[in-house]
Amino acid sequence: MNSLLGTLGPFGLAVLLTVVLVVGTKGGGKVKPLGWGWTLFLSVLAGASYAATGWPFSLVKGVVNDLLALAEGVFPGLTLPAIGLSMLAIISWRRLTTRGVAMMGIPFFYIASSADGGLGVLADKIALVSQQLAA
């Protein structure tokens, strides 16, 4: 065992962060519930971990692409960036609980990580670091 991240791998990290987000936003235990900022930050890492994992989470990307094609059929010109920015607006201005932020944040950051750009680079780096630490 070289390190915790190498032992977990991207799949384990995605599962761990999802559990932390689901359980940590509820409260009621000895540890105080996660705040809005921590929830959003952990959602970024969880979404990037999902994108770095591949199968079975790659099925989600296929479903999202199918839904996007369906939405474009109904609303021509609707793009993934428009949907992502709409989700970001809901996260920013809607009074969501921290659990609501996590449940909106994980899919948003998964979609953003699967695309080109900064979050896609983050997903690639998570996969690379976990593979190097596991070796």
# chains A, B, ... in the order shown; residues from 1 in each chain; ligands from 1
>>> residues_around(residues="Val101 of chain A", least_positions_apart="5", cutoff="12 Å", atoms="only C-alpha atoms", output="compact mmCIF listing (two decimals) with N, CA, C and O atoms, in the first residue's frame")
# COMPACT_ATOMS: atom_id res chain seq x y z
N LEU A 21 -20.79 12.87 0.46
CA LEU A 21 -21.75 13.92 0.11
C LEU A 21 -23.17 13.57 0.52
O LEU A 21 -23.91 14.42 1.01
N VAL A 22 -23.56 12.32 0.33
CA VAL A 22 -24.93 11.93 0.70
C VAL A 22 -25.10 11.91 2.21
O VAL A 22 -26.07 12.44 2.75
N THR A 25 -24.19 15.59 4.16
CA THR A 25 -25.10 16.72 4.03
C THR A 25 -26.35 16.57 4.88
O THR A 25 -27.11 17.51 5.04
N LEU A 34 -21.67 19.09 6.22
CA LEU A 34 -20.83 19.83 5.29
C LEU A 34 -21.48 21.17 4.96
O LEU A 34 -22.70 21.26 4.80
N GLY A 35 -20.65 22.18 4.81
CA GLY A 35 -21.14 23.49 4.39
C GLY A 35 -21.30 23.54 2.88
O GLY A 35 -20.91 22.62 2.15
N TRP A 36 -21.84 24.64 2.40
CA TRP A 36 -22.12 24.81 0.98
C TRP A 36 -20.83 24.75 0.16
O TRP A 36 -20.78 24.09 -0.87
N GLY A 37 -19.78 25.42 0.62
CA GLY A 37 -18.51 25.45 -0.12
C GLY A 37 -17.86 24.08 -0.20
O GLY A 37 -17.39 23.67 -1.27
N TRP A 38 -17.82 23.36 0.92
CA TRP A 38 -17.24 22.01 0.91
C TRP A 38 -18.05 21.07 0.04
O TRP A 38 -17.51 20.22 -0.66
N THR A 39 -19.36 21.22 0.09
CA THR A 39 -20.21 20.37 -0.74
C THR A 39 -19.93 20.60 -2.22
O THR A 39 -19.80 19.64 -2.99
N LEU A 40 -19.81 21.86 -2.61
CA LEU A 40 -19.52 22.16 -4.01
C LEU A 40 -18.14 21.67 -4.41
O LEU A 40 -17.96 21.08 -5.48
N PHE A 41 -17.13 21.85 -3.54
CA PHE A 41 -15.77 21.40 -3.83
C PHE A 41 -15.72 19.88 -3.97
O PHE A 41 -15.11 19.34 -4.90
N LEU A 42 -16.35 19.15 -3.04
CA LEU A 42 -16.35 17.69 -3.12
C LEU A 42 -17.15 17.20 -4.32
O LEU A 42 -16.85 16.14 -4.88
N SER A 43 -18.17 17.96 -4.73
CA SER A 43 -18.92 17.61 -5.94
C SER A 43 -18.04 17.71 -7.17
O SER A 43 -18.15 16.89 -8.09
N VAL A 44 -17.16 18.73 -7.21
CA VAL A 44 -16.22 18.86 -8.32
C VAL A 44 -15.34 17.63 -8.39
O VAL A 44 -15.16 17.02 -9.46
N MET A 87 -27.93 24.75 -15.15
CA MET A 87 -27.77 24.03 -13.88
C MET A 87 -26.98 24.86 -12.88
O MET A 87 -27.30 24.90 -11.70
N LEU A 88 -25.95 25.55 -13.36
CA LEU A 88 -25.13 26.40 -12.49
C LEU A 88 -25.97 27.56 -11.94
O LEU A 88 -25.82 27.93 -10.77
N ALA A 89 -26.85 28.12 -12.76
CA ALA A 89 -27.74 29.18 -12.29
C ALA A 89 -28.68 28.67 -11.20
O ALA A 89 -28.92 29.35 -10.19
N ILE A 90 -29.20 27.46 -11.39
CA ILE A 90 -30.08 26.87 -10.37
C ILE A 90 -29.32 26.66 -9.08
O ILE A 90 -29.82 26.98 -7.99
N ILE A 91 -28.09 26.14 -9.16
CA ILE A 91 -27.27 25.92 -7.97
C ILE A 91 -26.98 27.25 -7.27
O ILE A 91 -27.02 27.34 -6.05
N SER A 92 -26.71 28.30 -8.05
CA SER A 92 -26.32 29.58 -7.47
C SER A 92 -27.48 30.34 -6.84
O SER A 92 -27.32 30.90 -5.75
N TRP A 93 -28.64 30.39 -7.50
CA TRP A 93 -29.69 31.28 -7.04
C TRP A 93 -30.89 30.60 -6.40
O TRP A 93 -31.71 31.25 -5.78
N ARG A 94 -30.99 29.33 -6.52
CA ARG A 94 -32.11 28.62 -5.89
C ARG A 94 -31.72 28.27 -4.47
O ARG A 94 -30.58 27.98 -4.18
N ARG A 95 -32.66 28.30 -3.58
CA ARG A 95 -32.36 27.93 -2.19
C ARG A 95 -32.33 26.42 -2.06
O ARG A 95 -33.29 25.79 -1.61
N LEU A 96 -31.21 25.86 -2.43
CA LEU A 96 -31.04 24.42 -2.33
C LEU A 96 -30.41 24.07 -0.99
O LEU A 96 -29.61 24.83 -0.45
N ILE A 106 -22.83 17.01 -8.66
CA ILE A 106 -22.14 15.82 -9.17
C ILE A 106 -22.43 15.61 -10.66
O ILE A 106 -21.49 15.48 -11.44
N PRO A 107 -23.70 15.59 -11.09
CA PRO A 107 -23.93 15.42 -12.53
C PRO A 107 -23.38 16.59 -13.35
O PRO A 107 -22.84 16.38 -14.44
N PHE A 108 -23.49 17.81 -12.84
CA PHE A 108 -22.97 18.96 -13.57
C PHE A 108 -21.47 18.82 -13.80
O PHE A 108 -20.98 18.99 -14.91
N PHE A 109 -20.73 18.50 -12.73
CA PHE A 109 -19.28 18.41 -12.86
C PHE A 109 -18.86 17.15 -13.61
O PHE A 109 -17.81 17.13 -14.23
>>> closest_residue(among="A:Leu8, A:Glu72, A:Leu45, A:Leu78", to="Leu122 of chain A", atoms="only C-alpha atoms")
A:Leu45
>>> atom_distance(atom1="atom CA of Gly12 of chain A", atom2="atom CA of Lys30 of chain A")
24.5 Å
>>> residues_around(residues="Trp55 of chain A", least_positions_apart="6", cutoff="12 Å", atoms="only C-alpha atoms", output="PyMOL selection string")
chain A and resi 10-11+49+61-62
>>> select_by_dssp(residues="chain A", states="alpha helix (DSSP H)", output="ChimeraX atom specification")
/A:4-24,36-53,58-74,80-93,98-114,118-134
>>> atom_distance(atom1="atom CA of Leu59 of chain A", atom2="atom CA of Thr98 of chain A")
26.1 Å
>>> closest_residue(among="A:Ala71, A:Leu128, A:Ala46, A:Ser86", to="Ala102 of chain A", atoms="only C-alpha atoms")
A:Ala46
>>> atom_distance(atom1="atom CA of Leu13 of chain A", atom2="atom CA of Gly47 of chain A")
10.3 Å
>>> closest_residue(among="A:Val63, A:Lys26, A:Val121, A:Ala112", to="Ala82 of chain A", atoms="only C-alpha atoms")
A:Ala112
